[in-house]
$ cat upload_18.txt   # compact mmCIF, C-alpha atoms
# COMPACT_ATOMS: atom_id res chain seq x y z
CA MET A 303 -8.69 33.34 -38.26
CA PRO A 304 -9.65 29.67 -37.68
CA VAL A 305 -9.30 27.34 -40.67
CA CYS A 306 -11.43 24.43 -41.83
CA PHE A 307 -9.63 22.07 -44.21
CA ILE A 308 -11.96 20.24 -46.58
CA ILE A 309 -10.87 16.70 -47.44
CA CYS A 310 -12.50 15.45 -50.63
CA ALA A 311 -11.86 13.99 -54.05
CA ILE A 312 -11.12 17.00 -56.27
CA GLY A 313 -10.48 15.67 -59.77
CA ALA A 314 -9.12 17.34 -62.89
CA ASN A 315 -10.46 20.61 -64.28
CA GLY A 316 -13.73 20.11 -66.11
CA SER A 317 -14.41 16.66 -64.65
CA GLU A 318 -17.66 15.76 -62.90
CA THR A 319 -15.70 15.10 -59.72
CA ARG A 320 -14.19 18.60 -59.86
CA GLU A 321 -17.56 20.25 -60.46
CA HIS A 322 -19.05 18.46 -57.49
CA ALA A 323 -16.02 19.33 -55.33
CA ASP A 324 -16.44 23.01 -56.24
CA ASP A 325 -20.16 22.95 -55.43
CA LEU A 326 -19.47 21.23 -52.12
CA PHE A 327 -16.72 23.72 -51.28
CA GLU A 328 -19.13 26.60 -51.91
CA GLU A 329 -21.81 25.14 -49.64
CA ILE A 330 -19.35 24.41 -46.84
CA SER A 331 -17.80 27.88 -47.16
CA THR A 332 -21.27 29.42 -46.81
CA ALA A 333 -21.97 27.29 -43.73
CA LEU A 334 -18.69 28.45 -42.15
CA GLU A 335 -19.31 32.18 -42.64
CA PRO A 336 -21.23 32.83 -39.37
CA PHE A 337 -18.33 31.36 -37.41
CA GLY A 338 -15.62 33.44 -39.08
CA ILE A 339 -13.84 30.29 -40.31
CA ASP A 340 -11.87 30.17 -43.57
CA ALA A 341 -12.34 27.14 -45.86
CA MET A 342 -9.24 25.55 -47.41
CA ARG A 343 -8.69 22.71 -49.87
CA GLY A 344 -5.58 20.99 -51.26
CA ASP A 345 -5.97 22.20 -54.86
CA HIS A 346 -2.28 22.98 -55.25
CA ASN A 347 -1.58 19.26 -55.25
CA LEU A 348 -3.67 18.29 -58.27
CA ASP A 349 -0.92 18.14 -60.86
CA THR A 350 1.30 15.64 -59.04
CA LYS A 351 -1.52 13.43 -57.71
CA GLN A 352 0.42 13.11 -54.45
CA VAL A 353 -0.38 13.67 -50.80
CA ASP A 354 2.51 15.97 -49.91
CA SER A 355 3.74 16.96 -46.48
CA ASP A 356 2.35 20.52 -46.74
CA VAL A 357 -1.19 19.20 -47.24
CA ILE A 358 -0.83 16.80 -44.31
CA GLU A 359 0.53 19.57 -42.09
CA ARG A 360 -2.44 21.80 -42.94
CA ILE A 361 -4.87 18.97 -42.34
CA GLN A 362 -3.35 18.28 -38.93
CA ASN A 363 -3.07 21.93 -37.86
CA ALA A 364 -6.49 23.17 -38.99
CA GLU A 365 -8.96 23.91 -36.21
CA LEU A 366 -11.58 21.85 -38.02
CA CYS A 367 -11.74 19.38 -40.91
CA ILE A 368 -14.70 18.28 -43.00
CA ALA A 369 -14.21 15.06 -44.98
CA ASP A 370 -16.45 14.00 -47.87
CA LEU A 371 -16.62 10.19 -48.11
CA SER A 372 -18.77 10.06 -51.22
CA GLU A 373 -16.05 8.38 -53.30
CA ASP A 374 -13.70 5.48 -52.57
CA ASN A 375 -10.61 7.65 -52.91
CA VAL A 376 -7.25 6.54 -51.48
CA ASN A 377 -6.06 10.09 -50.80
CA VAL A 378 -9.26 10.93 -48.93
CA TYR A 379 -8.93 7.90 -46.65
CA TYR A 380 -5.24 8.55 -46.07
CA GLU A 381 -5.86 12.22 -45.21
CA LEU A 382 -8.72 11.21 -42.93
CA GLY A 383 -6.39 8.86 -41.09
CA ARG A 384 -3.74 11.54 -40.67
CA ARG A 385 -6.38 13.91 -39.27
CA ASP A 386 -7.74 11.25 -36.92
CA GLU A 387 -4.34 10.67 -35.38
CA THR A 388 -4.43 14.22 -33.98
CA GLY A 389 -7.69 13.70 -32.07
CA LYS A 390 -8.86 17.08 -33.38
CA PRO A 391 -12.45 17.57 -34.58
CA ILE A 392 -13.56 16.28 -37.95
CA ILE A 393 -17.04 16.26 -39.48
CA LEU A 394 -17.82 13.49 -41.97
CA VAL A 395 -20.24 14.12 -44.85
CA ARG A 396 -21.51 11.95 -47.68
CA ARG A 397 -23.89 12.13 -50.63
CA ARG A 398 -27.33 10.76 -49.91
CA GLY A 399 -28.36 7.41 -51.43
CA LEU A 400 -24.94 5.75 -51.70
CA PRO A 401 -24.23 2.13 -50.61
CA PRO A 402 -23.19 1.61 -46.97
CA LEU A 403 -19.67 2.57 -45.98
CA PRO A 404 -17.09 -0.16 -45.19
CA VAL A 405 -17.41 -1.59 -41.69
CA ASP A 406 -14.16 -0.01 -40.49
CA ILE A 407 -15.77 3.42 -40.75
CA ALA A 408 -19.50 2.76 -41.01
CA GLY A 409 -20.01 3.15 -37.26
CA ARG A 410 -19.00 6.81 -37.28
CA ARG A 411 -21.47 9.64 -37.52
CA PHE A 412 -21.75 11.53 -40.79
CA ILE A 413 -24.08 14.00 -42.43
CA GLU A 414 -25.84 12.84 -45.57
CA TYR A 415 -26.42 15.59 -48.10
CA GLU A 416 -28.07 16.41 -51.39
CA ILE A 417 -27.08 19.84 -52.68
CA GLU A 418 -28.56 19.70 -56.17
CA SER A 419 -31.81 21.28 -54.94
CA ARG A 420 -32.13 24.58 -53.11
CA ARG A 421 -33.97 22.91 -50.24
CA GLY A 422 -31.36 20.16 -49.94
CA ALA A 423 -28.50 22.67 -49.94
CA ARG A 424 -30.18 24.72 -47.23
CA LEU A 425 -30.76 21.63 -45.08
CA PHE A 426 -27.11 20.62 -45.52
CA ARG A 427 -25.89 24.06 -44.43
CA ASP A 428 -28.16 23.96 -41.38
CA GLN A 429 -26.89 20.52 -40.36
CA LEU A 430 -23.29 21.59 -40.87
CA ARG A 431 -23.77 24.72 -38.79
CA GLU A 432 -25.23 22.68 -35.96
CA ALA A 433 -22.20 20.38 -35.99
CA ILE A 434 -19.75 23.29 -36.34
CA SER A 435 -21.45 25.13 -33.50
CA SER A 436 -20.92 22.15 -31.23
CA GLU A 437 -17.22 21.96 -32.08
CA SER A 438 -16.81 25.72 -31.77
CA ALA A 439 -18.40 25.69 -28.31
CA ASN A 440 -15.83 23.07 -27.33
CA GLY A 441 -13.00 25.32 -28.54
CA PHE A 442 -12.22 22.90 -31.39
CA GLU A 443 -10.64 20.58 -28.85
CA GLY A 444 -12.01 17.46 -30.49
CA SER A 445 -13.70 14.55 -28.80
CA ASN A 446 -12.52 11.32 -27.33
CA GLY A 447 -14.92 9.49 -29.60
CA ASN A 448 -12.68 10.17 -32.57
CA ALA A 449 -9.57 9.72 -30.46
CA THR A 450 -10.04 5.96 -30.66
CA LEU A 451 -7.97 6.19 -33.82
CA ALA A 452 -5.26 8.33 -32.29
CA GLY A 453 -1.73 7.06 -32.66
CA VAL A 454 -0.05 6.76 -36.03
CA TYR A 455 0.27 2.98 -35.98
CA GLN A 456 -3.40 2.39 -35.13
CA VAL A 457 -4.53 4.83 -37.78
CA LEU A 458 -2.33 3.34 -40.49
CA GLN A 459 -3.62 -0.15 -39.74
CA ARG A 460 -7.16 0.97 -40.53
CA VAL A 461 -6.15 2.99 -43.58
CA GLU A 462 -4.02 0.08 -44.84
CA ARG A 463 -6.97 -2.29 -44.58
CA LYS A 464 -9.11 0.12 -46.60
CA ILE A 465 -6.44 0.57 -49.28
CA ASP A 466 -5.85 -3.20 -49.45
CA ARG A 467 -9.55 -3.81 -50.10
CA MET A 468 -9.60 -1.14 -52.80
CA ALA A 469 -6.48 -2.59 -54.42
CA LYS A 470 -7.97 -6.10 -54.48
CA ALA A 471 -11.14 -4.77 -56.09
CA ALA A 472 -9.21 -2.87 -58.79
CA PRO A 473 -8.26 -4.41 -62.16
CA ALA A 474 -4.86 -6.08 -62.28
CA ALA A 475 -2.11 -3.61 -63.12
CA LYS A 476 1.31 -4.04 -64.65
CA PRO A 477 4.17 -4.23 -62.15
CA THR A 478 5.25 -0.78 -61.04
CA SER A 479 8.79 -1.63 -60.00
CA MET A 480 11.56 -2.93 -62.22
CA PRO A 481 14.35 -5.42 -61.47
CA GLY A 482 17.35 -3.90 -59.78
CA GLY A 483 15.40 -1.13 -58.10
CA ASP A 484 14.84 0.95 -61.24
CA LEU A 485 11.98 3.43 -61.35
CA PRO A 486 9.22 3.08 -63.96
CA GLU A 487 10.04 5.07 -67.07
CA GLY A 488 8.83 8.65 -66.99
CA LEU A 489 8.33 8.84 -63.21
CA SER A 490 10.34 11.18 -61.01
CA PRO A 491 11.49 9.81 -57.63
CA SER A 492 8.81 11.79 -55.79
CA ASP A 493 6.05 10.63 -58.14
CA ALA A 494 7.28 7.05 -57.87
CA PHE A 495 7.29 7.30 -54.08
CA ASN A 496 3.72 8.57 -53.94
CA LEU A 497 2.63 5.87 -56.38
CA ALA A 498 4.30 3.28 -54.13
CA LEU A 499 2.39 4.55 -51.10
CA LYS A 500 -0.93 4.36 -52.92
CA THR A 501 -0.32 0.88 -54.38
CA ARG A 502 1.49 -0.57 -51.32
CA ASP A 503 4.50 -1.38 -53.52
CA ILE A 504 7.45 -1.81 -51.14
CA PRO A 505 10.14 -2.47 -53.81
CA LEU A 506 9.11 0.68 -55.66
CA ALA A 507 9.14 2.69 -52.41
CA GLU A 508 12.63 1.41 -51.63
CA ALA A 509 13.84 2.30 -55.14
CA ALA A 510 12.51 5.83 -54.67
CA LEU A 511 14.04 5.88 -51.19
CA ASP A 512 17.53 5.61 -52.67
CA ARG A 513 17.07 8.57 -54.98
CA LEU A 514 15.16 10.89 -52.68
CA GLN A 515 17.89 10.91 -50.02
CA TRP A 516 20.00 13.12 -52.30
CA THR A 517 17.23 15.66 -52.86
CA MET A 518 16.10 16.40 -49.29
CA GLU A 519 17.48 17.67 -46.01
CA LYS A 520 18.33 14.65 -43.86
CA ASN A 521 15.80 15.07 -41.04
CA ARG A 522 13.03 15.89 -43.51
CA TYR A 523 13.98 12.80 -45.53
CA TYR A 524 13.64 10.55 -42.49
CA ASP A 525 10.49 12.31 -41.34
CA ILE A 526 8.64 11.98 -44.64
CA VAL A 527 10.22 9.25 -46.76
CA VAL A 528 11.82 6.72 -44.42
CA GLU A 529 8.95 6.81 -41.92
CA GLN A 530 6.29 6.12 -44.52
CA THR A 531 8.33 3.41 -46.25
CA ALA A 532 8.82 1.67 -42.91
CA SER A 533 5.07 1.93 -42.27
CA LEU A 534 4.48 0.06 -45.53
CA GLY A 535 6.43 -2.88 -44.10
CA SER A 536 9.89 -2.26 -45.53
CA LEU A 537 12.51 -4.00 -43.38
CA ARG A 538 15.21 -1.86 -44.94
CA ALA A 539 13.48 1.41 -44.02
CA SER A 540 12.84 0.01 -40.54
CA GLU A 541 16.57 -0.63 -40.11
CA MET A 542 17.24 2.94 -41.20
CA MET A 543 14.77 4.22 -38.61
CA PHE A 544 16.45 2.20 -35.85
CA ALA A 545 19.90 3.46 -36.82
CA TYR A 546 18.87 7.11 -37.05
CA ALA A 547 16.49 7.25 -34.07
CA GLN A 548 18.81 8.89 -31.57
CA GLU A 549 19.91 11.56 -34.04
CA PHE A 550 16.29 12.25 -35.01
CA PHE A 551 15.21 12.72 -31.39
CA ASP A 552 18.19 14.99 -30.72
CA SER A 553 17.31 17.22 -33.70
CA ASP A 554 15.47 20.54 -33.61
CA LEU A 555 12.37 19.15 -35.29
CA SER A 556 8.99 19.85 -33.73
CA PHE A 557 7.58 17.93 -30.78
CA LYS A 558 4.79 16.53 -32.97
CA LYS A 559 7.18 15.19 -35.60
CA LYS A 560 9.27 13.47 -32.94
CA VAL A 561 6.16 11.86 -31.49
CA GLU A 562 5.14 10.67 -34.96
CA TYR A 563 8.59 9.16 -35.47
CA LEU A 564 8.33 7.49 -32.06
CA CYS A 565 4.95 5.98 -32.99
CA VAL A 566 6.27 4.43 -36.20
CA LEU A 567 9.55 3.36 -34.57
CA VAL A 568 7.75 1.42 -31.83
CA GLY A 569 5.31 0.03 -34.39
CA VAL A 570 8.04 -1.50 -36.53
CA ALA A 571 9.85 -2.75 -33.41
CA ASN A 572 6.62 -4.56 -32.45
CA ARG A 573 6.37 -5.98 -35.96
CA TYR A 574 9.84 -7.55 -35.80
CA ASP A 575 9.98 -8.32 -32.03
CA ARG A 576 12.86 -5.90 -31.58
CA GLU A 577 11.54 -3.88 -28.65
CA LEU A 578 14.43 -4.74 -26.33
CA GLU A 579 16.91 -3.52 -28.95
CA ILE A 580 15.48 0.00 -28.96
CA MET A 581 14.23 0.21 -25.37
CA ASP A 582 17.02 2.52 -24.18
CA VAL A 583 16.51 4.91 -27.10
CA VAL A 584 12.72 5.00 -26.65
CA GLU A 585 12.92 5.49 -22.89
CA HIS A 586 15.42 8.32 -23.33
CA ALA A 587 13.29 9.95 -26.02
CA ALA A 588 10.21 9.69 -23.80
CA GLU A 589 12.04 11.28 -20.89
CA VAL A 590 13.26 14.20 -23.03
CA LEU A 591 9.87 14.74 -24.69
CA ASP A 592 8.04 14.60 -21.37
CA LEU A 593 10.37 17.23 -19.92
CA GLN A 594 9.95 19.41 -23.02
CA ALA A 595 6.15 19.18 -22.78
CA ARG A 596 6.07 20.03 -19.07
CA GLN A 597 8.37 23.02 -19.53
CA ALA A 598 6.65 24.38 -22.65
CA PRO A 599 4.30 27.40 -22.42
CA SER A 600 0.72 26.42 -21.71
CA GLY A 601 -1.13 25.39 -24.88
CA SER A 602 1.97 25.27 -27.09
CA ILE A 603 2.07 21.46 -27.14
CA ASP A 604 -1.03 19.38 -27.76
CA SER A 605 -1.83 17.31 -24.67
CA MET A 606 -2.72 14.34 -26.89
CA ASP A 607 0.77 14.40 -28.39
CA HIS A 608 2.19 14.48 -24.84
CA ALA A 609 -0.01 11.54 -23.81
CA GLN A 610 1.06 9.62 -26.91
CA VAL A 611 4.65 9.61 -25.62
CA PHE A 612 3.59 7.38 -22.74
CA ASN A 613 1.24 5.36 -24.92
CA GLN A 614 4.26 4.44 -27.04
CA LEU A 615 6.11 3.35 -23.90
CA ASN A 616 3.11 1.13 -23.20
CA ARG A 617 3.32 -0.39 -26.69
CA LEU A 618 7.04 -1.00 -26.23
CA TYR A 619 6.68 -2.67 -22.82
CA HIS A 620 3.60 -4.65 -23.81
CA GLY A 621 5.47 -5.97 -26.84
CA ILE A 622 8.32 -7.13 -24.62
CA PHE A 623 5.81 -8.79 -22.28
CA ALA A 624 4.17 -10.59 -25.23
CA THR A 625 7.57 -12.04 -26.16
CA THR A 626 9.06 -12.75 -22.72
CA ARG A 627 5.90 -13.17 -20.57
CA ASP A 628 7.77 -11.21 -17.90
CA ALA A 629 5.02 -9.60 -15.79
CA ALA A 630 7.35 -6.75 -14.81
CA TYR A 631 7.05 -5.34 -18.35
CA LEU A 632 3.27 -5.66 -18.22
CA GLN A 633 3.22 -3.55 -15.06
CA MET A 634 5.50 -0.99 -16.75
CA ALA A 635 3.01 -0.82 -19.63
CA ILE A 636 0.15 -0.24 -17.17
CA ASP A 637 2.08 2.48 -15.34
CA ALA A 638 2.87 4.23 -18.65
CA LEU A 639 -0.81 4.19 -19.64
CA LYS A 640 -1.92 5.60 -16.29
CA HIS A 641 0.59 8.40 -16.78
CA ALA A 642 -0.79 9.06 -20.27
CA ILE A 643 -4.36 9.18 -18.94
CA GLY A 644 -3.22 11.60 -16.26
CA ILE A 645 -2.16 13.94 -19.06
CA ARG A 646 -5.31 13.52 -21.14
CA GLU A 647 -8.17 11.07 -20.95
CA ALA A 648 -8.99 9.28 -24.18
CA ALA A 649 -11.04 6.22 -25.01
CA PHE A 650 -8.20 4.44 -26.80
CA LEU A 651 -5.93 4.84 -23.74
CA TYR A 652 -8.51 3.19 -21.46
CA TYR A 653 -8.88 0.44 -24.09
CA ASN A 654 -5.12 -0.17 -24.06
CA LEU A 655 -5.14 -0.16 -20.26
CA ALA A 656 -7.96 -2.72 -20.13
CA MET A 657 -6.02 -4.88 -22.62
CA CYS A 658 -3.07 -4.95 -20.24
CA GLU A 659 -5.08 -5.35 -17.03
CA ARG A 660 -7.07 -8.27 -18.43
CA HIS A 661 -3.98 -10.45 -17.91
CA ILE A 662 -3.79 -9.81 -14.16
CA ASP A 663 -6.79 -7.87 -12.84
CA LEU A 664 -10.16 -8.52 -14.47
CA GLU A 665 -12.03 -6.09 -12.20
CA SER A 666 -9.75 -3.20 -13.19
CA ALA A 667 -10.01 -4.23 -16.83
CA ARG A 668 -13.83 -4.11 -16.55
CA ARG A 669 -13.72 -0.67 -14.97
CA ASP A 670 -11.43 0.73 -17.64
CA ILE A 671 -13.20 -0.77 -20.66
CA ASP A 672 -16.43 0.71 -19.28
CA ARG A 673 -14.70 4.09 -19.05
CA CYS A 674 -13.50 3.64 -22.65
CA LEU A 675 -17.04 2.99 -23.86
CA SER A 676 -18.41 5.86 -21.79
CA LEU A 677 -16.00 8.28 -23.47
CA SER A 678 -16.76 6.84 -26.92
CA GLY A 679 -20.53 6.91 -26.50
CA ASP A 680 -22.39 6.08 -29.69
CA ASP A 681 -19.12 6.20 -31.65
CA SER A 682 -17.59 3.18 -29.90
CA ASP A 683 -15.01 1.36 -32.00
CA ALA A 684 -15.64 -2.31 -32.89
CA ASP A 685 -12.32 -3.32 -31.33
CA HIS A 686 -13.36 -1.72 -28.06
CA LEU A 687 -16.71 -3.48 -28.06
CA GLU A 688 -14.98 -6.78 -28.82
CA LEU A 689 -12.72 -6.43 -25.78
CA ALA A 690 -15.70 -5.45 -23.62
CA CYS A 691 -17.52 -8.62 -24.75
CA LYS A 692 -14.55 -10.77 -23.79
CA ILE A 693 -14.20 -9.15 -20.37
CA TYR A 694 -17.94 -9.32 -19.65
CA TYR A 695 -18.00 -12.97 -20.68
CA GLU A 696 -15.02 -13.83 -18.47
CA GLN A 697 -16.78 -12.15 -15.56
CA GLY A 698 -19.99 -14.04 -16.23
CA ASP A 699 -21.81 -10.72 -16.59
CA PRO A 700 -25.33 -11.04 -18.08
CA GLU A 701 -24.75 -7.71 -19.87
CA TYR A 702 -22.49 -9.66 -22.22
CA GLU A 703 -25.43 -10.32 -24.54
CA ASP A 704 -26.28 -6.61 -24.76
CA MET A 705 -22.65 -5.77 -25.49
CA LEU A 706 -22.51 -8.47 -28.17
CA GLU A 707 -25.61 -6.96 -29.78
CA ARG A 708 -23.92 -3.55 -29.89
CA LEU A 709 -20.95 -5.14 -31.61
CA ARG A 710 -23.26 -6.95 -34.02
CA ASP A 711 -24.76 -3.62 -35.11
CA ILE A 712 -21.31 -2.28 -36.01
CA ASN A 713 -19.46 -5.37 -37.21
CA PRO A 714 -21.63 -8.48 -37.70
CA GLN A 715 -18.69 -10.61 -38.84
CA MET A 716 -16.65 -9.83 -35.74
CA ALA A 717 -19.66 -10.53 -33.51
CA MET A 718 -20.32 -13.86 -35.21
CA LEU A 719 -16.73 -14.99 -34.67
CA LEU A 720 -16.79 -13.80 -31.07
CA ASP A 721 -20.14 -15.30 -30.00
CA LEU A 722 -18.64 -17.23 -27.09
CA ASP A 723 -21.84 -19.02 -26.15
CA ASN A 724 -22.08 -20.79 -29.53
$ encode --input "upload_18.txt" --output "C-alpha cells"
Amino acid sequence: MPVCFIICAIGANGSETREHADDLFEEISTALEPFGIDAMRGDHNLDTKQVDSDVIERIQNAELCIADLSEDNVNVYYELGRRDETGKPIILVRRRGLPPLPVDIAGRRFIEYEIESRRGARLFRDQLREAISSESANGFEGSNGNATLAGVYQVLQRVERKIDRMAKAAPAAKPTSMPGGDLPEGLSPSDAFNLALKTRDIPLAEAALDRLQWTMEKNRYYDIVVEQTASLGSLRASEMMFAYAQEFFDSDLSFKKKVEYLCVLVGVANRYDRELEIMDVVEHAAEVLDLQARQAPSGSIDSMDHAQVFNQLNRLYHGIFATTRDAAYLQMAIDALKHAIGIREAAFLYYNLAMCERHIDLESARRDIDRCLSLSGDDSDADHLELACKIYYEQGDPEYEDMLERLRDINPQMAMLLDLDN
C-alpha cells in the first residue's frame, strides 16, 4: 500500500504542538482514505529529539510527503530538504494567518488551512484531495518544479541558510563543546551529534565523530556520521571522506547511498578546490554507477539518482574549470549535463547547463535557461530567474524587464542587487 509521510513539528505529549499535530494527522489521514494511502509520522523519534536515519529513509522512500510549515522547526526544514533531494512529490501546508514564509521557500505553492471549524476542516480535506489526485494521476513521479532543489549539496545550502537565520534569531546559548573534544556532560555521543547538526557546531560534531566510530558498522558510520559532519564544513570529516571514497563506492551499499556520498564528496572538493585530487575516484565511481543503473531491472533505480551521477561529474569538472580556466573541463561539464538530461529532464539540470554554456555560447544558454523555466513553471527558483535575467540582459533582450519583475516578486532583495540598468 502506498505511504504518505507527514513532516511536521510533533512536540511532547500533552503540549499544544502535539495536540495540533494529532489533529492535523487525523485530517490528512481522512483525506488520504479514498486513495488507499497509509499516513505515517516520525513519532518514534520523540524521546531523542534527533532526526535519525530510519526517519530520513522513510521520508525519502514514501510515495508522497506532506510537510506542515506552520512552525519554524529545524527538524521540519531538514526533513523537507532531504525529501526535496529525491525529486519525489511533496505537498506543503500551513496554518492560515501566519506571517510570510522566508524568501528561500516563499515562492513554493502551499495549502493554507484552518481545521478548528468543521467547514475549514472540510475545505482543507477537499484541497488536499485535489492535490493528492494530481500526484496520484502522475504515478507519484514528482515534478520538475520541485526538482530544482535536487542534489544533496544544493539542498543543504538552502537548509543551512534557514538554520543559520534561526540560530541568529535565537537567544545566545552556552557553548556546547568543551576544550579537548569532550562531550557536554550528560549527553550520549548520538545525542551530542544530533545537537551539533542542529546548532551547526563543528567541534561538537567532531568530538561525537570520534566516539561514534566505535559503535557503528564502518560503512554506516561513513554514510551517516562522516557525511553529515563534512557537510557542516568539517575539514577533518572531509579528509576522511576523501580517504574512504574508493572503499565506500566498492561496498555493497545501495545505489542511492552511493550517489548521496558522491554528492557530498564533490561538494567538499569544490569547497576546498580539491577536484583534481579526487577526479579519478569520482570518474571511476560514475562509470560503475552508470553501468549498474543501465543493467538494473526497469524501475529498480530512480532515474533522478542516475542523472545525479552525471550532474556530480558536471560539478567536478566545472570546479576544475573555475580554478584552471581550462575550457576543456568546461566542455566536459557540458557533456556530463547533456548525458544527465538524456536520462531525465529536470529544471535544475538545464539551469546548470545554462550556467556552463553562458561562458562560451550565449544562444545555447538562453535556450536552456528557457527550458529550465518552462519545466519550473510558476514554481521557478529565484536562482534560476537570476540567471535568466543575466542572460537576457547580455543578449539585449527586451524581455529582461519582465524577467526581472518575476524575480522581484519572489526575491526583491536579489532583484534590487541585480537591476543591471541602474
$ closest_residue --input "upload_18.txt" --among "A:Val376, A:Met581, A:Ile413, A:Leu485" --to "Gln614 of chain A" --atoms "only C-alpha atoms"
A:Met581
$ residues_around --input "upload_18.txt" --residues "segment 669-680 of chain A" --least-positions-apart "5" --cutoff "6 Å" --atoms "all atoms listed in the file" --output "PyMOL selection string"
chain A and resi 447+649+652-653+656
$ closest_residue --input "upload_18.txt" --among "A:Ile407, A:Ala598, A:Leu664, A:Cys658" --to "Asp683 of chain A" --atoms "all atoms listed in the file"
A:Ile407
$ closest_residue --input "upload_18.txt" --among "A:Ala609, A:Cys310, A:Leu720, A:Ala510" --to "Ala642 of chain A" --atoms "only C-alpha atoms"
A:Ala609
$ atom_distance --input "upload_18.txt" --atom1 "atom CA of Tyr574 of chain A" --atom2 "atom CA of Leu687 of chain A"
28.0 Å
$ atom_distance --input "upload_18.txt" --atom1 "atom CA of Glu329 of chain A" --atom2 "atom CA of Cys306 of chain A"
13.0 Å
$ atom_distance --input "upload_18.txt" --atom1 "atom CA of Ala364 of chain A" --atom2 "atom CA of Val395 of chain A"
17.5 Å
$ closest_residue --input "upload_18.txt" --among "A:Val305, A:Ile622, A:Ile580, A:Val378" --to "Asn363 of chain A" --atoms "all atoms listed in the file"
A:Val305
$ residues_around --input "upload_18.txt" --residues "Ala635 of chain A" --least-positions-apart "5" --cutoff "12 Å" --atoms "only C-alpha atoms" --output "VMD selection string"
chain A and resid 612 to 624 628 to 630 640 to 642 651 654 to 659
$ write_last_selection --input "upload_18.txt" --atoms "C-alpha atoms" --output "short mmCIF file (atom, residue, chain, number, x, y, z; two decimals), keeping the file's coordinate frame"
data_model
loop_
_atom_site.label_atom_id
_atom_site.label_comp_id
_atom_site.auth_asym_id
_atom_site.auth_seq_id
_atom_site.Cartn_x
_atom_site.Cartn_y
_atom_site.Cartn_z
CA PHE A 612 3.59 7.38 -22.74
CA ASN A 613 1.24 5.36 -24.92
CA GLN A 614 4.26 4.44 -27.04
CA LEU A 615 6.11 3.35 -23.90
CA ASN A 616 3.11 1.13 -23.20
CA ARG A 617 3.32 -0.39 -26.69
CA LEU A 618 7.04 -1.00 -26.23
CA TYR A 619 6.68 -2.67 -22.82
CA HIS A 620 3.60 -4.65 -23.81
CA GLY A 621 5.47 -5.97 -26.84
CA ILE A 622 8.32 -7.13 -24.62
CA PHE A 623 5.81 -8.79 -22.28
CA ALA A 624 4.17 -10.59 -25.23
CA ASP A 628 7.77 -11.21 -17.90
CA ALA A 629 5.02 -9.60 -15.79
CA ALA A 630 7.35 -6.75 -14.81
CA LYS A 640 -1.92 5.60 -16.29
CA HIS A 641 0.59 8.40 -16.78
CA ALA A 642 -0.79 9.06 -20.27
CA LEU A 651 -5.93 4.84 -23.74
CA ASN A 654 -5.12 -0.17 -24.06
CA LEU A 655 -5.14 -0.16 -20.26
CA ALA A 656 -7.96 -2.72 -20.13
CA MET A 657 -6.02 -4.88 -22.62
CA CYS A 658 -3.07 -4.95 -20.24
CA GLU A 659 -5.08 -5.35 -17.03
#
$ residues_around --input "upload_18.txt" --residues "Ala323 of chain A" --least-positions-apart "2" --cutoff "9 Å" --atoms "all atoms listed in the file" --output "ChimeraX atom specification"
/A:310-313,318-321,325-328
$ closest_residue --input "upload_18.txt" --among "A:Ile662, A:Ala333, A:Leu403, A:Leu567" --to "Ala433 of chain A" --atoms "all atoms listed in the file"
A:Ala333
$ residues_around --input "upload_18.txt" --residues "Arg343 of chain A" --least-positions-apart "3" --cutoff "7 Å" --atoms "all atoms listed in the file" --output "number ranges by chain"
A: 307-309
$ decode --input "upload_18.txt" --residues "segment 509-520 of chain A" --atoms "N, CA and C atoms" --output "PDB file, in the first residue's frame"
ATOM      1  N   ALA A 509      33.840  15.914  17.944  1.00  0.00           N
ATOM      2  CA  ALA A 509      34.016  15.168  19.198  1.00  0.00           C
ATOM      3  C   ALA A 509      33.137  13.926  19.202  1.00  0.00           C
ATOM      4  N   ALA A 510      31.902  14.082  18.730  1.00  0.00           N
ATOM      5  CA  ALA A 510      30.998  12.928  18.644  1.00  0.00           C
ATOM      6  C   ALA A 510      31.487  11.937  17.593  1.00  0.00           C
ATOM      7  N   LEU A 511      32.081  12.468  16.536  1.00  0.00           N
ATOM      8  CA  LEU A 511      32.619  11.640  15.451  1.00  0.00           C
ATOM      9  C   LEU A 511      33.589  10.595  15.998  1.00  0.00           C
ATOM     10  N   ASP A 512      34.457  11.021  16.893  1.00  0.00           N
ATOM     11  CA  ASP A 512      35.460  10.114  17.459  1.00  0.00           C
ATOM     12  C   ASP A 512      34.823   8.944  18.199  1.00  0.00           C
ATOM     13  N   ARG A 513      33.754   9.228  18.917  1.00  0.00           N
ATOM     14  CA  ARG A 513      33.152   8.188  19.762  1.00  0.00           C
ATOM     15  C   ARG A 513      32.204   7.277  18.986  1.00  0.00           C
ATOM     16  N   LEU A 514      31.531   7.845  17.998  1.00  0.00           N
ATOM     17  CA  LEU A 514      30.543   7.056  17.263  1.00  0.00           C
ATOM     18  C   LEU A 514      31.177   5.997  16.365  1.00  0.00           C
ATOM     19  N   GLN A 515      32.438   6.199  15.974  1.00  0.00           N
ATOM     20  CA  GLN A 515      33.062   5.223  15.074  1.00  0.00           C
ATOM     21  C   GLN A 515      33.181   3.845  15.719  1.00  0.00           C
ATOM     22  N   TRP A 516      33.165   3.792  17.043  1.00  0.00           N
ATOM     23  CA  TRP A 516      33.293   2.501  17.731  1.00  0.00           C
ATOM     24  C   TRP A 516      31.936   1.844  17.974  1.00  0.00           C
ATOM     25  N   THR A 517      30.867   2.523  17.648  1.00  0.00           N
ATOM     26  CA  THR A 517      29.533   1.998  17.937  1.00  0.00           C
ATOM     27  C   THR A 517      28.756   1.587  16.691  1.00  0.00           C
ATOM     28  N   MET A 518      29.337   1.809  15.495  1.00  0.00           N
ATOM     29  CA  MET A 518      28.593   1.592  14.260  1.00  0.00           C
ATOM     30  C   MET A 518      29.424   0.789  13.268  1.00  0.00           C
ATOM     31  N   GLU A 519      28.711   0.078  12.405  1.00  0.00           N
ATOM     32  CA  GLU A 519      29.376  -0.596  11.276  1.00  0.00           C
ATOM     33  C   GLU A 519      30.025   0.473  10.399  1.00  0.00           C
ATOM     34  N   LYS A 520      31.179   0.160   9.812  1.00  0.00           N
ATOM     35  CA  LYS A 520      32.012   1.179   9.189  1.00  0.00           C
ATOM     36  C   LYS A 520      31.307   1.937   8.063  1.00  0.00           C
TER      37      LYS A 520
END
